[in-house]
Amino acid sequence: MKVSHAYRMFTPESLEGFLAEARNVARLDHPSIVPVYDAGRTADGCCYVVSKWIRGSDLRRQMQRQ
């Protein structure tokens, strides 16, 4: 689960863009794309995206190895 920083303030337009992008990604089905299960906004205004947890390391570590 990824949650936006508390200082990140969303306008109604940017919030709708964030949620539309999450909905679009949720419709994709490809081995190289992490599935998105849910997206929304918390009671205190932070946005979140829930995606499949995949065991491994982050991109920075992968790049450092190569």
# chains A, B, ... in the order shown; residues from 1 in each chain; ligands from 1
>>> residues_around(residues="A:Pro12", least_positions_apart="4", cutoff="12 Å", atoms="only C-alpha atoms", output="compact mmCIF listing (two decimals) with C-alpha atoms, in the first residue's frame")
# COMPACT_ATOMS: atom_id res chain seq x y z
CA GLU A 16 -9.77 12.85 -9.96
CA GLY A 17 -6.67 12.50 -12.16
CA PHE A 18 -4.94 10.40 -9.49
CA LEU A 19 -7.96 8.11 -9.10
CA ARG A 41 -8.68 8.77 -0.17
CA GLY A 45 -7.25 13.57 2.84
>>> closest_residue(among="A:Arg23, A:Arg61, A:Lys52, A:Cys47", to="A:Pro35", atoms="only C-alpha atoms")
A:Lys52
>>> residues_around(residues="A:Ile54", least_positions_apart="5", cutoff="12 Å", atoms="only C-alpha atoms", output="count of residues only")
7
>>> closest_residue(among="A:Val49, A:Arg60, A:Lys2, A:Arg65", to="A:Ala20", atoms="only C-alpha atoms")
A:Val49
>>> atom_distance(atom1="atom CA of A:His30", atom2="atom CA of A:Thr42")
28.5 Å
>>> select_by_dssp(residues="chain A", states="strand (DSSP E)", output="ChimeraX atom specification")
/A:2-3,36-41,47-51
>>> atom_distance(atom1="atom CA of A:Tyr48", atom2="atom CA of A:Gln62")
25.2 Å
>>> atom_distance(atom1="atom CA of A:Asp29", atom2="atom CA of A:Asp58")
21.2 Å
>>> select_by_dssp(residues="chain A", states="helix (DSSP H, G or I)", output="JSON, numbers by chain")
{"A": [12, 13, 14, 15, 16, 17, 18, 19, 20, 21, 22, 23, 24, 25, 26, 27, 59, 60, 61, 62, 63, 64, 65]}
>>> write_last_selection(atoms="N, CA, C and O atoms", output="PDB file, in the first residue's frame")
ATOM      1  N   PRO A  12      -9.520  19.188  -6.414  1.00  0.00           N
ATOM      2  CA  PRO A  12     -10.495  18.226  -6.939  1.00  0.00           C
ATOM      3  C   PRO A  12     -10.068  17.643  -8.289  1.00  0.00           C
ATOM      4  O   PRO A  12     -10.258  16.457  -8.545  1.00  0.00           O
ATOM      5  N   GLU A  13      -9.440  18.475  -9.137  1.00  0.00           N
ATOM      6  CA  GLU A  13      -9.010  18.006 -10.451  1.00  0.00           C
ATOM      7  C   GLU A  13      -7.850  17.021 -10.341  1.00  0.00           C
ATOM      8  O   GLU A  13      -7.832  16.000 -11.019  1.00  0.00           O
ATOM      9  N   SER A  14      -6.867  17.326  -9.487  1.00  0.00           N
ATOM     10  CA  SER A  14      -5.718  16.422  -9.373  1.00  0.00           C
ATOM     11  C   SER A  14      -6.119  15.131  -8.668  1.00  0.00           C
ATOM     12  O   SER A  14      -5.591  14.062  -8.988  1.00  0.00           O
ATOM     13  N   LEU A  15      -7.073  15.201  -7.740  1.00  0.00           N
ATOM     14  CA  LEU A  15      -7.559  13.995  -7.084  1.00  0.00           C
ATOM     15  C   LEU A  15      -8.247  13.093  -8.096  1.00  0.00           C
ATOM     16  O   LEU A  15      -7.990  11.888  -8.139  1.00  0.00           O
ATOM     17  N   GLU A  16      -9.092  13.654  -8.941  1.00  0.00           N
ATOM     18  CA  GLU A  16      -9.773  12.854  -9.956  1.00  0.00           C
ATOM     19  C   GLU A  16      -8.762  12.265 -10.935  1.00  0.00           C
ATOM     20  O   GLU A  16      -8.891  11.131 -11.356  1.00  0.00           O
ATOM     21  N   GLY A  17      -7.717  13.021 -11.285  1.00  0.00           N
ATOM     22  CA  GLY A  17      -6.666  12.499 -12.161  1.00  0.00           C
ATOM     23  C   GLY A  17      -5.929  11.339 -11.516  1.00  0.00           C
ATOM     24  O   GLY A  17      -5.647  10.327 -12.166  1.00  0.00           O
ATOM     25  N   PHE A  18      -5.616  11.464 -10.236  1.00  0.00           N
ATOM     26  CA  PHE A  18      -4.943  10.400  -9.490  1.00  0.00           C
ATOM     27  C   PHE A  18      -5.789   9.131  -9.494  1.00  0.00           C
ATOM     28  O   PHE A  18      -5.304   8.041  -9.797  1.00  0.00           O
ATOM     29  N   LEU A  19      -7.078   9.275  -9.170  1.00  0.00           N
ATOM     30  CA  LEU A  19      -7.964   8.112  -9.103  1.00  0.00           C
ATOM     31  C   LEU A  19      -8.216   7.519 -10.487  1.00  0.00           C
ATOM     32  O   LEU A  19      -8.287   6.298 -10.642  1.00  0.00           O
ATOM     33  N   ALA A  20      -8.319   8.366 -11.509  1.00  0.00           N
ATOM     34  CA  ALA A  20      -8.518   7.866 -12.879  1.00  0.00           C
ATOM     35  C   ALA A  20      -7.298   7.061 -13.324  1.00  0.00           C
ATOM     36  O   ALA A  20      -7.443   6.001 -13.949  1.00  0.00           O
ATOM     37  N   GLU A  21      -6.102   7.538 -13.003  1.00  0.00           N
ATOM     38  CA  GLU A  21      -4.891   6.810 -13.365  1.00  0.00           C
ATOM     39  C   GLU A  21      -4.849   5.458 -12.653  1.00  0.00           C
ATOM     40  O   GLU A  21      -4.521   4.434 -13.258  1.00  0.00           O
ATOM     41  N   ALA A  22      -5.211   5.439 -11.377  1.00  0.00           N
ATOM     42  CA  ALA A  22      -5.233   4.181 -10.628  1.00  0.00           C
ATOM     43  C   ALA A  22      -6.257   3.210 -11.231  1.00  0.00           C
ATOM     44  O   ALA A  22      -5.988   2.013 -11.350  1.00  0.00           O
ATOM     45  N   ARG A  23      -7.419   3.718 -11.629  1.00  0.00           N
ATOM     46  CA  ARG A  23      -8.430   2.852 -12.247  1.00  0.00           C
ATOM     47  C   ARG A  23      -7.923   2.296 -13.577  1.00  0.00           C
ATOM     48  O   ARG A  23      -8.141   1.128 -13.892  1.00  0.00           O
ATOM     49  N   ASN A  24      -7.240   3.122 -14.345  1.00  0.00           N
ATOM     50  CA  ASN A  24      -6.690   2.662 -15.631  1.00  0.00           C
ATOM     51  C   ASN A  24      -5.639   1.581 -15.430  1.00  0.00           C
ATOM     52  O   ASN A  24      -5.624   0.576 -16.146  1.00  0.00           O
ATOM     53  N   VAL A  25      -4.755   1.769 -14.470  1.00  0.00           N
ATOM     54  CA  VAL A  25      -3.724   0.766 -14.192  1.00  0.00           C
ATOM     55  C   VAL A  25      -4.378  -0.523 -13.701  1.00  0.00           C
ATOM     56  O   VAL A  25      -3.943  -1.617 -14.051  1.00  0.00           O
ATOM     57  N   ALA A  26      -5.444  -0.406 -12.917  1.00  0.00           N
ATOM     58  CA  ALA A  26      -6.129  -1.589 -12.396  1.00  0.00           C
ATOM     59  C   ALA A  26      -6.724  -2.443 -13.518  1.00  0.00           C
ATOM     60  O   ALA A  26      -6.884  -3.653 -13.354  1.00  0.00           O
ATOM     61  N   ARG A  27      -7.013  -1.839 -14.650  1.00  0.00           N
ATOM     62  CA  ARG A  27      -7.579  -2.590 -15.782  1.00  0.00           C
ATOM     63  C   ARG A  27      -6.515  -3.309 -16.607  1.00  0.00           C
ATOM     64  O   ARG A  27      -6.842  -4.152 -17.429  1.00  0.00           O
ATOM     65  N   LEU A  59      14.038  -0.583  -7.299  1.00  0.00           N
ATOM     66  CA  LEU A  59      14.759  -0.256  -8.526  1.00  0.00           C
ATOM     67  C   LEU A  59      16.168   0.255  -8.232  1.00  0.00           C
ATOM     68  O   LEU A  59      17.117  -0.084  -8.940  1.00  0.00           O
ATOM     69  N   ARG A  60      16.328   1.044  -7.192  1.00  0.00           N
ATOM     70  CA  ARG A  60      17.653   1.582  -6.853  1.00  0.00           C
ATOM     71  C   ARG A  60      18.650   0.451  -6.611  1.00  0.00           C
ATOM     72  O   ARG A  60      19.767   0.471  -7.120  1.00  0.00           O
ATOM     73  N   ARG A  61      18.245  -0.553  -5.852  1.00  0.00           N
ATOM     74  CA  ARG A  61      19.145  -1.680  -5.581  1.00  0.00           C
ATOM     75  C   ARG A  61      19.440  -2.466  -6.849  1.00  0.00           C
ATOM     76  O   ARG A  61      20.572  -2.909  -7.056  1.00  0.00           O
ATOM     77  N   GLN A  62      18.442  -2.656  -7.681  1.00  0.00           N
ATOM     78  CA  GLN A  62      18.670  -3.371  -8.931  1.00  0.00           C
ATOM     79  C   GLN A  62      19.680  -2.637  -9.797  1.00  0.00           C
ATOM     80  O   GLN A  62      20.563  -3.251 -10.404  1.00  0.00           O
ATOM     81  N   MET A  63      19.571  -1.324  -9.869  1.00  0.00           N
ATOM     82  CA  MET A  63      20.489  -0.531 -10.687  1.00  0.00           C
ATOM     83  C   MET A  63      21.896  -0.540 -10.109  1.00  0.00           C
ATOM     84  O   MET A  63      22.883  -0.550 -10.844  1.00  0.00           O
ATOM     85  N   GLN A  64      22.008  -0.527  -8.777  1.00  0.00           N
ATOM     86  CA  GLN A  64      23.323  -0.567  -8.140  1.00  0.00           C
ATOM     87  C   GLN A  64      24.031  -1.883  -8.404  1.00  0.00           C
ATOM     88  O   GLN A  64      25.249  -1.930  -8.553  1.00  0.00           O
ATOM     89  N   ARG A  65      23.292  -2.966  -8.512  1.00  0.00           N
ATOM     90  CA  ARG A  65      23.877  -4.283  -8.799  1.00  0.00           C
ATOM     91  C   ARG A  65      24.415  -4.352 -10.220  1.00  0.00           C
ATOM     92  O   ARG A  65      25.330  -5.080 -10.515  1.00  0.00           O
TER      93      ARG A  65
END
>>> decode(residues="stretch 37-52 of chain A", atoms="N, CA and C atoms", output="PDB file, in the first residue's frame")
ATOM      1  N   TYR A  37      -5.188  -3.110  -6.803  1.00  0.00           N
ATOM      2  CA  TYR A  37      -6.432  -3.667  -6.279  1.00  0.00           C
ATOM      3  C   TYR A  37      -7.423  -2.602  -5.833  1.00  0.00           C
ATOM      4  N   ASP A  38      -6.912  -1.462  -5.361  1.00  0.00           N
ATOM      5  CA  ASP A  38      -7.805  -0.426  -4.839  1.00  0.00           C
ATOM      6  C   ASP A  38      -7.065   0.899  -4.817  1.00  0.00           C
ATOM      7  N   ALA A  39      -7.824   1.972  -4.836  1.00  0.00           N
ATOM      8  CA  ALA A  39      -7.270   3.322  -4.697  1.00  0.00           C
ATOM      9  C   ALA A  39      -8.361   4.199  -4.123  1.00  0.00           C
ATOM     10  N   GLY A  40      -7.970   5.202  -3.372  1.00  0.00           N
ATOM     11  CA  GLY A  40      -8.966   6.087  -2.784  1.00  0.00           C
ATOM     12  C   GLY A  40      -8.326   7.160  -1.945  1.00  0.00           C
ATOM     13  N   ARG A  41      -9.125   7.667  -1.027  1.00  0.00           N
ATOM     14  CA  ARG A  41      -8.684   8.772  -0.169  1.00  0.00           C
ATOM     15  C   ARG A  41      -9.071   8.462   1.267  1.00  0.00           C
ATOM     16  N   THR A  42      -8.152   8.718   2.189  1.00  0.00           N
ATOM     17  CA  THR A  42      -8.422   8.485   3.601  1.00  0.00           C
ATOM     18  C   THR A  42      -9.242   9.641   4.168  1.00  0.00           C
ATOM     19  N   ALA A  43      -9.733   9.464   5.390  1.00  0.00           N
ATOM     20  CA  ALA A  43     -10.546  10.497   6.036  1.00  0.00           C
ATOM     21  C   ALA A  43      -9.771  11.801   6.226  1.00  0.00           C
ATOM     22  N   ASP A  44      -8.449  11.703   6.382  1.00  0.00           N
ATOM     23  CA  ASP A  44      -7.651  12.918   6.580  1.00  0.00           C
ATOM     24  C   ASP A  44      -7.134  13.511   5.269  1.00  0.00           C
ATOM     25  N   GLY A  45      -7.564  12.959   4.123  1.00  0.00           N
ATOM     26  CA  GLY A  45      -7.251  13.571   2.842  1.00  0.00           C
ATOM     27  C   GLY A  45      -6.088  12.986   2.069  1.00  0.00           C
ATOM     28  N   CYS A  46      -5.377  12.010   2.644  1.00  0.00           N
ATOM     29  CA  CYS A  46      -4.274  11.373   1.924  1.00  0.00           C
ATOM     30  C   CYS A  46      -4.835  10.402   0.893  1.00  0.00           C
ATOM     31  N   CYS A  47      -4.175  10.320  -0.231  1.00  0.00           N
ATOM     32  CA  CYS A  47      -4.568   9.355  -1.260  1.00  0.00           C
ATOM     33  C   CYS A  47      -3.743   8.094  -1.081  1.00  0.00           C
ATOM     34  N   TYR A  48      -4.321   6.968  -1.499  1.00  0.00           N
ATOM     35  CA  TYR A  48      -3.617   5.701  -1.376  1.00  0.00           C
ATOM     36  C   TYR A  48      -3.869   4.829  -2.594  1.00  0.00           C
ATOM     37  N   VAL A  49      -2.941   3.897  -2.821  1.00  0.00           N
ATOM     38  CA  VAL A  49      -3.063   2.880  -3.862  1.00  0.00           C
ATOM     39  C   VAL A  49      -2.670   1.551  -3.219  1.00  0.00           C
ATOM     40  N   VAL A  50      -3.506   0.542  -3.390  1.00  0.00           N
ATOM     41  CA  VAL A  50      -3.218  -0.794  -2.888  1.00  0.00           C
ATOM     42  C   VAL A  50      -2.884  -1.669  -4.095  1.00  0.00           C
ATOM     43  N   SER A  51      -1.689  -2.234  -4.081  1.00  0.00           N
ATOM     44  CA  SER A  51      -1.254  -3.081  -5.195  1.00  0.00           C
ATOM     45  C   SER A  51      -0.727  -4.402  -4.652  1.00  0.00           C
ATOM     46  N   LYS A  52      -0.504  -5.323  -5.553  1.00  0.00           N
ATOM     47  CA  LYS A  52       0.013  -6.632  -5.176  1.00  0.00           C
ATOM     48  C   LYS A  52       1.419  -6.482  -4.604  1.00  0.00           C
TER      49      LYS A  52
END
